[in-house]
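To keep things clear, I will list the structure first and then write my remarks on it.
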Amino acid sequence: MNISTLTTPARRELARRVNDGLEITLYWHPDDNGTSIDIHQTPTEETISFPVPADRALDAFHHPFVHLAEQNAAAWGSDKHPEFDEALIFGEGGFDQRV
């Protein structure tokens, strides 16, 4: 083991902001050159962490819930039902439950 092994952080904080009880932090991971976002809710002490592509990291830092929603939509394959997606987003049109 050498000194660089002991001093290399698992992740490095690049940016942090606090707004209405939420702490948003952007991290860089030197081991794989990846980036991630942590959303920490101070009143409940809950934290949500998710990876973001490096080329979208700053945008994800400023709009973390948009990126989280996009990742969830991709994971669930919501593009298979665009009418339903539109109804969820806009609250009208799209999905007709009477069919």
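Order determines the names: the first chain of the structure tokens is A, the second B, and so forth; residues in each chain are numbered 1 upward, and ligands are numbered 1 upward as they are shown.
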Q. Where does DSSP see strand (DSSP E) in stretch 13-42 of chain A, if you list the residues as a list in words?
A.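 Result set for stretch 13-42 of chain A (strand (DSSP E)): Glu13, Leu14, Ala15, Arg16, Arg17, Val18, Asn19, Leu22, Glu23, Ile24, Thr25, Leu26, Tyr27, Trp28, His29, Gly34, Thr35, Ser36, Ile37, Asp38, Ile39, His40 and Gln41 of chain A.
The environment of A:Asn33 within 12 Å, counting only C-alpha atoms and disregarding residues fewer than 2 places along the same chain, consists of Ala10, Arg11, Arg12, Tyr27, Trp28, His29, Pro30, Asp31, Thr35, Ser36, Pro51, Val52, Pro53, Ala54, Asp55 and Ala57 of chain A.
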Q | Counting only C-alpha atoms, the option among A:Leu58, A:Ala74, A:Leu22, A:Ala69 closest to A:Pro43 | A |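 Ranking A:Leu58, A:Ala74, A:Leu22, A:Ala69 by distance to A:Pro43, first place goes to A:Leu22.
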Q.
Just checking: using only C-alpha atoms, which residue out of A:Thr25, A:Thr47, A:Asn19, A:Gln41 ends up closest to A:Ala60?
A.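 The answer is A:Thr25, which sits nearest to A:Ala60.
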(Q) Please compute the atom CA of A:Arg17-atom CA of A:Phe65 distance, one decimal, in Å. (A) 14.3 Å
Q: For atom CA of A:Asp38 and atom CA of A:Ala15, quote the distance in Å rounded to one decimal.
A: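 Atom CA of A:Asp38 sits 10.7 Å away from atom CA of A:Ala15.
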